[in-house]
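Report on the following structure.
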Amino acid sequence: MKTRLFTPGPVEIPPRILRALSQVPPHHRTDAFRAALQRVSQALREVHQTEGQVLLLGASGTGAMEAAVVNLLAPGARALAVVGGKFGERWANLLEAYGVPHAVLPVEWGSAVDPEAVARHLDQDAGVTTVFATQSETSTGTLNDVEALAKVVRARDRRLVVDAVTGVGVHPLPQDAWGVDVVVCGSQKGLMIPPGIATVSLAPWALAAVEGEKLPRFYFDLRRALKTAPAGETPWTPPVSLVLALEEALTMILREEGLANVHARHRRLAHATRAGARSLGFELFSSSPSHAVTALLPPEGVRAADVIRRLREVHGMVVAGGQDQLKGRIFRIGHMGAYDLADIHAVLGALDEIVAHFGRPAGADPVRAASEAWAAA
Ligand SMILES: *Cc1c(COP(=O)(O)O)cnc(C)c1O
């Protein structure tokens, strides 16, 4: 049986990216590799729409989050973490691990943060220097309004750091135009390559923010990375094969499909998924759904665990369950990266087969509902 990944990362990897990965890796201290790294850095700046610098780290996405924390915060500096799911919690856990004095702004899981709540918090908590937030909260399938967040944070002269691991290559986030100081990302989601590269994008005005006395840092000391980046070098051995794969992925995104079209495709696929699932009696978990992942509550009498198991066992489709308080309640369909309407039709067809066991709503036509939503989005 074919296996099809509909997980919110790692995602399906297009064959041409697998081909790029299979090359004999060049030595990293060669002109050919330096040139490749420079091209990738430039392409990443285009993806982030920044005139600043995008630094590439050998790590999973969490490494970029940790790099942001240790390079931006001076000892004793106070922070605010916006927490509406597992990845928001990760910011709080990182701040905790480094002993950073911080406040948490709790957001109901499945809801977007209200930018006014952030504004109110900052007005009352004058010591906060830096706000840590999430663009697409993968654990709940929720999109936050980064543009609005940036507006309230910058109006109060604080710094904003955004985890856009399931945002980049899915949702627009023009960093300089929106005024986001720092954006972190990982490679195994919208960028369509295996895990192992993490990026930290510093807006031009934020480049100097990593200087001076900060929390303990060594491997993730971005001052070193900033120094070596213009020459196409990294302070440590980079994940060479992944850099070549990333170049291929960025060619697909920027030079072939085009960034705006990539964003539009994800919007259409998300709308198609939602409409098709709803027609079968599933409900959206999030009131502000992400275009990267759709979190669904099964209809009455259907258990999320049974949907997940039957998708895997009968249809070869891998989706994700809920975590923590959402365990057993929801399941999540990832559709970021190299997905198209035919993929969405396939997963909806499988859901239709599963729901048929429990009594599908009369007249349900998920494939048509998806096509119509896709065309209208
Ligand atoms: C996947 C993901 C991360 C990074 O997780 P890693 O396992 O460290 O790659 C961070 N934030 C969000 C929103 C994610 O979806």
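We name chains A, B, ... following the order of the structure tokens; residues begin at 1 in each chain, and ligands are numbered from 1 as shown.
Those residues of range 110-145 of chain A that DSSP, working from the backbone, places in strand (DSSP E) are Val128, Thr129, Thr130, Val131, Phe132, Ala133, Thr134, Ser136, Glu137, Thr142 and Leu143 of chain A.
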(request) as a ChimeraX atom specification, list the residues of range 26-251 of chain A assigned to alpha helix (DSSP H) by DSSP on the backbone atoms of this structure. (result) /A:31-48,61-72,86-97,115-124,146-155,175-178,222-228,240-250
Kindly assemble as a Markdown table a list of the chain A residues that lie within 8 Å of ligand 1, each paired with its nearest atom pair and their distance in Å to one decimal, using only C-alpha atoms and all ligand atoms, sorted first by chain and then by ascending residue number.
| residue | atom | partner | partner_atom_place_in_ligand_line | distance |
| --- | --- | --- | --- | --- |
| A:Pro8 | CA | ligand 1 | 15 (O) | 6.9 |
| A:Gly9 | CA | ligand 1 | 1 (C) | 6.1 |
| A:Pro10 | CA | ligand 1 | 1 (C) | 7.9 |
| A:Ala59 | CA | ligand 1 | 8 (O) | 7.6 |
| A:Ser60 | CA | ligand 1 | 9 (O) | 4.0 |
| A:Gly61 | CA | ligand 1 | 9 (O) | 3.7 |
| A:Thr62 | CA | ligand 1 | 8 (O) | 3.6 |
| A:Gly63 | CA | ligand 1 | 8 (O) | 6.4 |
| A:Met65 | CA | ligand 1 | 10 (C) | 7.6 |
| A:Phe87 | CA | ligand 1 | 11 (N) | 5.2 |
| A:Gly88 | CA | ligand 1 | 13 (C) | 7.8 |
| A:Arg90 | CA | ligand 1 | 10 (C) | 8.0 |
| A:Thr134 | CA | ligand 1 | 13 (C) | 6.3 |
| A:Gln135 | CA | ligand 1 | 13 (C) | 7.2 |
| A:Ser136 | CA | ligand 1 | 13 (C) | 5.7 |
| A:Glu137 | CA | ligand 1 | 13 (C) | 5.0 |
| A:Thr138 | CA | ligand 1 | 15 (O) | 4.7 |
| A:Ser139 | CA | ligand 1 | 15 (O) | 7.3 |
| A:Asp163 | CA | ligand 1 | 11 (N) | 5.7 |
| A:Ala164 | CA | ligand 1 | 13 (C) | 6.3 |
| A:Val165 | CA | ligand 1 | 12 (C) | 4.8 |
| A:Thr166 | CA | ligand 1 | 15 (O) | 5.1 |
| A:Gly167 | CA | ligand 1 | 13 (C) | 7.8 |
| A:Cys185 | CA | ligand 1 | 10 (C) | 7.3 |
| A:Gly186 | CA | ligand 1 | 9 (O) | 5.7 |
| A:Ser187 | CA | ligand 1 | 9 (O) | 7.6 |
| A:Gln188 | CA | ligand 1 | 9 (O) | 7.0 |
| A:Lys189 | CA | ligand 1 | 1 (C) | 6.9 |
| A:Pro195 | CA | ligand 1 | 9 (O) | 6.6 |
| A:Gly196 | CA | ligand 1 | 9 (O) | 7.8 |
| A:Ala198 | CA | ligand 1 | 9 (O) | 7.8 |
(message) Here is a test: counting only C-alpha atoms, which residue of A:Trp205, A:Pro238, A:Ser111, A:Gly99 is nearest to Gly52 in chain A?
(response) A:Trp205
(request) Just the residues within 9 Å of Val131 in chain A, please, counting only C-alpha atoms, with nothing from its chain fewer than 2 positions along; format it as a VMD selection string. (result) chain A and resid 79 to 82 118 128 to 129 133 153 158 to 162
Saved selection, atoms kept: all heavy atoms, as an mmCIF file, in the first residue's frame:
data_model
loop_
_atom_site.group_PDB
_atom_site.id
_atom_site.type_symbol
_atom_site.label_atom_id
_atom_site.label_comp_id
_atom_site.auth_asym_id
_atom_site.auth_seq_id
_atom_site.Cartn_x
_atom_site.Cartn_y
_atom_site.Cartn_z
ATOM 1 N N ALA A 79 10.482 39.035 29.672
ATOM 2 C CA ALA A 79 9.850 38.665 28.407
ATOM 3 C C ALA A 79 8.376 38.328 28.618
ATOM 4 O O ALA A 79 7.932 38.126 29.753
ATOM 5 C CB ALA A 79 10.570 37.465 27.799
ATOM 6 N N LEU A 80 7.650 38.279 27.498
ATOM 7 C CA LEU A 80 6.247 37.853 27.510
ATOM 8 C C LEU A 80 6.083 36.728 26.486
ATOM 9 O O LEU A 80 6.510 36.878 25.338
ATOM 10 C CB LEU A 80 5.324 39.024 27.135
ATOM 11 C CG LEU A 80 3.839 38.671 26.963
ATOM 12 C CD1 LEU A 80 3.209 38.241 28.281
ATOM 13 C CD2 LEU A 80 3.076 39.869 26.379
ATOM 14 N N ALA A 81 5.498 35.621 26.906
ATOM 15 C CA ALA A 81 5.207 34.521 25.979
ATOM 16 C C ALA A 81 3.705 34.437 25.765
ATOM 17 O O ALA A 81 2.935 34.389 26.731
ATOM 18 C CB ALA A 81 5.736 33.202 26.535
ATOM 19 N N VAL A 82 3.290 34.430 24.500
ATOM 20 C CA VAL A 82 1.880 34.254 24.153
ATOM 21 C C VAL A 82 1.655 32.752 23.971
ATOM 22 O O VAL A 82 2.285 32.127 23.108
ATOM 23 C CB VAL A 82 1.540 35.011 22.855
ATOM 24 C CG1 VAL A 82 0.095 34.764 22.458
ATOM 25 C CG2 VAL A 82 1.822 36.502 23.020
ATOM 26 N N VAL A 118 -2.512 41.756 24.182
ATOM 27 C CA VAL A 118 -1.058 41.933 24.246
ATOM 28 C C VAL A 118 -0.745 43.393 24.563
ATOM 29 O O VAL A 118 0.108 43.701 25.412
ATOM 30 C CB VAL A 118 -0.393 41.508 22.917
ATOM 31 C CG1 VAL A 118 1.105 41.796 22.929
ATOM 32 C CG2 VAL A 118 -0.657 40.026 22.647
ATOM 33 N N VAL A 128 8.697 44.391 30.312
ATOM 34 C CA VAL A 128 8.833 43.419 29.209
ATOM 35 C C VAL A 128 9.594 44.047 28.046
ATOM 36 O O VAL A 128 9.197 45.092 27.534
ATOM 37 C CB VAL A 128 7.442 42.927 28.732
ATOM 38 C CG1 VAL A 128 7.562 42.155 27.425
ATOM 39 C CG2 VAL A 128 6.792 42.069 29.801
ATOM 40 N N THR A 129 10.688 43.399 27.632
ATOM 41 C CA THR A 129 11.478 43.915 26.507
ATOM 42 C C THR A 129 11.110 43.202 25.204
ATOM 43 O O THR A 129 11.246 43.767 24.128
ATOM 44 C CB THR A 129 12.978 43.678 26.734
ATOM 45 O OG1 THR A 129 13.210 42.255 26.834
ATOM 46 C CG2 THR A 129 13.464 44.348 28.009
ATOM 47 N N ALA A 133 5.868 34.962 20.229
ATOM 48 C CA ALA A 133 4.549 34.503 19.774
ATOM 49 C C ALA A 133 4.696 33.491 18.642
ATOM 50 O O ALA A 133 5.804 33.186 18.196
ATOM 51 C CB ALA A 133 3.717 35.714 19.325
ATOM 52 N N VAL A 153 3.094 45.760 19.353
ATOM 53 C CA VAL A 153 4.382 45.580 20.047
ATOM 54 C C VAL A 153 5.335 46.718 19.690
ATOM 55 O O VAL A 153 5.981 47.314 20.555
ATOM 56 C CB VAL A 153 4.990 44.202 19.710
ATOM 57 C CG1 VAL A 153 6.405 44.083 20.272
ATOM 58 C CG2 VAL A 153 4.110 43.079 20.258
ATOM 59 N N ARG A 158 8.743 47.629 21.951
ATOM 60 C CA ARG A 158 9.274 46.346 22.407
ATOM 61 C C ARG A 158 9.633 45.539 21.174
ATOM 62 O O ARG A 158 9.308 45.918 20.058
ATOM 63 C CB ARG A 158 8.246 45.559 23.235
ATOM 64 C CG ARG A 158 7.395 46.391 24.167
ATOM 65 C CD ARG A 158 8.186 47.062 25.262
ATOM 66 N NE ARG A 158 7.293 47.963 26.004
ATOM 67 C CZ ARG A 158 6.508 47.572 27.008
ATOM 68 N NH1 ARG A 158 6.507 46.314 27.390
ATOM 69 N NH2 ARG A 158 5.739 48.436 27.617
ATOM 70 N N ARG A 159 10.262 44.387 21.441
ATOM 71 C CA ARG A 159 10.688 43.545 20.325
ATOM 72 C C ARG A 159 9.731 42.364 20.160
ATOM 73 O O ARG A 159 9.236 41.831 21.154
ATOM 74 C CB ARG A 159 12.084 43.012 20.643
ATOM 75 C CG ARG A 159 12.991 43.112 19.478
ATOM 76 C CD ARG A 159 14.423 42.833 19.846
ATOM 77 N NE ARG A 159 15.222 44.024 19.696
ATOM 78 C CZ ARG A 159 16.163 44.404 20.530
ATOM 79 N NH1 ARG A 159 16.410 43.701 21.618
ATOM 80 N NH2 ARG A 159 16.842 45.480 20.287
ATOM 81 N N LEU A 160 9.487 41.965 18.886
ATOM 82 C CA LEU A 160 8.605 40.813 18.625
ATOM 83 C C LEU A 160 9.385 39.693 17.929
ATOM 84 O O LEU A 160 10.044 39.920 16.911
ATOM 85 C CB LEU A 160 7.423 41.228 17.735
ATOM 86 C CG LEU A 160 6.460 40.096 17.340
ATOM 87 C CD1 LEU A 160 5.790 39.478 18.566
ATOM 88 C CD2 LEU A 160 5.411 40.590 16.346
ATOM 89 N N VAL A 161 9.284 38.498 18.511
ATOM 90 C CA VAL A 161 9.893 37.305 17.922
ATOM 91 C C VAL A 161 8.758 36.347 17.569
ATOM 92 O O VAL A 161 7.921 36.035 18.422
ATOM 93 C CB VAL A 161 10.850 36.620 18.923
ATOM 94 C CG1 VAL A 161 11.480 35.384 18.292
ATOM 95 C CG2 VAL A 161 11.913 37.598 19.407
ATOM 96 N N VAL A 162 8.721 35.898 16.313
ATOM 97 C CA VAL A 162 7.620 35.048 15.865
ATOM 98 C C VAL A 162 8.131 33.692 15.397
ATOM 99 O O VAL A 162 9.033 33.607 14.555
ATOM 100 C CB VAL A 162 6.830 35.733 14.723
ATOM 101 C CG1 VAL A 162 5.788 34.786 14.138
ATOM 102 C CG2 VAL A 162 6.152 36.996 15.239
#
(message) Report as JSON, numbers by chain all protein, DNA and RNA residues lying within 9 Å of Thr234 in chain A, evaluated on only C-alpha atoms, omitting residues in the same chain fewer than 6 positions from it.
(response) {"A": [28, 55, 56, 57, 224, 225, 226, 227, 228]}
Can you write out the residues you just picked, keeping N, CA, C and O atoms, as a PDB file, in the first residue's frame?
ATOM      1  N   HIS A  28      32.260  21.511   2.700  1.00  0.00           N
ATOM      2  CA  HIS A  28      31.638  22.823   2.916  1.00  0.00           C
ATOM      3  C   HIS A  28      32.609  23.983   2.777  1.00  0.00           C
ATOM      4  O   HIS A  28      32.184  25.112   2.602  1.00  0.00           O
ATOM      5  N   LEU A  55      19.850  33.614   9.068  1.00  0.00           N
ATOM      6  CA  LEU A  55      20.958  32.747   9.477  1.00  0.00           C
ATOM      7  C   LEU A  55      20.482  31.306   9.529  1.00  0.00           C
ATOM      8  O   LEU A  55      19.369  31.019   9.966  1.00  0.00           O
ATOM      9  N   LEU A  56      21.355  30.428   9.060  1.00  0.00           N
ATOM     10  CA  LEU A  56      20.993  29.027   8.913  1.00  0.00           C
ATOM     11  C   LEU A  56      21.726  28.208   9.982  1.00  0.00           C
ATOM     12  O   LEU A  56      22.947  28.324  10.123  1.00  0.00           O
ATOM     13  N   LEU A  57      20.975  27.431  10.743  1.00  0.00           N
ATOM     14  CA  LEU A  57      21.562  26.644  11.829  1.00  0.00           C
ATOM     15  C   LEU A  57      21.319  25.158  11.579  1.00  0.00           C
ATOM     16  O   LEU A  57      20.303  24.784  11.007  1.00  0.00           O
ATOM     17  N   ARG A 224      28.644  34.956  15.706  1.00  0.00           N
ATOM     18  CA  ARG A 224      29.560  34.205  14.843  1.00  0.00           C
ATOM     19  C   ARG A 224      28.933  33.983  13.474  1.00  0.00           C
ATOM     20  O   ARG A 224      29.585  34.128  12.442  1.00  0.00           O
ATOM     21  N   ALA A 225      27.656  33.599  13.460  1.00  0.00           N
ATOM     22  CA  ALA A 225      26.977  33.302  12.185  1.00  0.00           C
ATOM     23  C   ALA A 225      26.867  34.556  11.322  1.00  0.00           C
ATOM     24  O   ALA A 225      27.041  34.505  10.100  1.00  0.00           O
ATOM     25  N   LEU A 226      26.612  35.704  11.966  1.00  0.00           N
ATOM     26  CA  LEU A 226      26.506  36.961  11.216  1.00  0.00           C
ATOM     27  C   LEU A 226      27.838  37.327  10.575  1.00  0.00           C
ATOM     28  O   LEU A 226      27.891  37.873   9.477  1.00  0.00           O
ATOM     29  N   LYS A 227      28.926  37.025  11.294  1.00  0.00           N
ATOM     30  CA  LYS A 227      30.255  37.369  10.790  1.00  0.00           C
ATOM     31  C   LYS A 227      30.609  36.540   9.565  1.00  0.00           C
ATOM     32  O   LYS A 227      31.169  37.038   8.599  1.00  0.00           O
ATOM     33  N   THR A 228      30.266  35.238   9.584  1.00  0.00           N
ATOM     34  CA  THR A 228      30.710  34.346   8.508  1.00  0.00           C
ATOM     35  C   THR A 228      29.728  34.298   7.327  1.00  0.00           C
ATOM     36  O   THR A 228      30.128  33.917   6.224  1.00  0.00           O
TER      37      THR A 228
END
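Counting from CA of Ser290 in chain A, the distance to CA of Leu143 in chain A is 4.5 Å.
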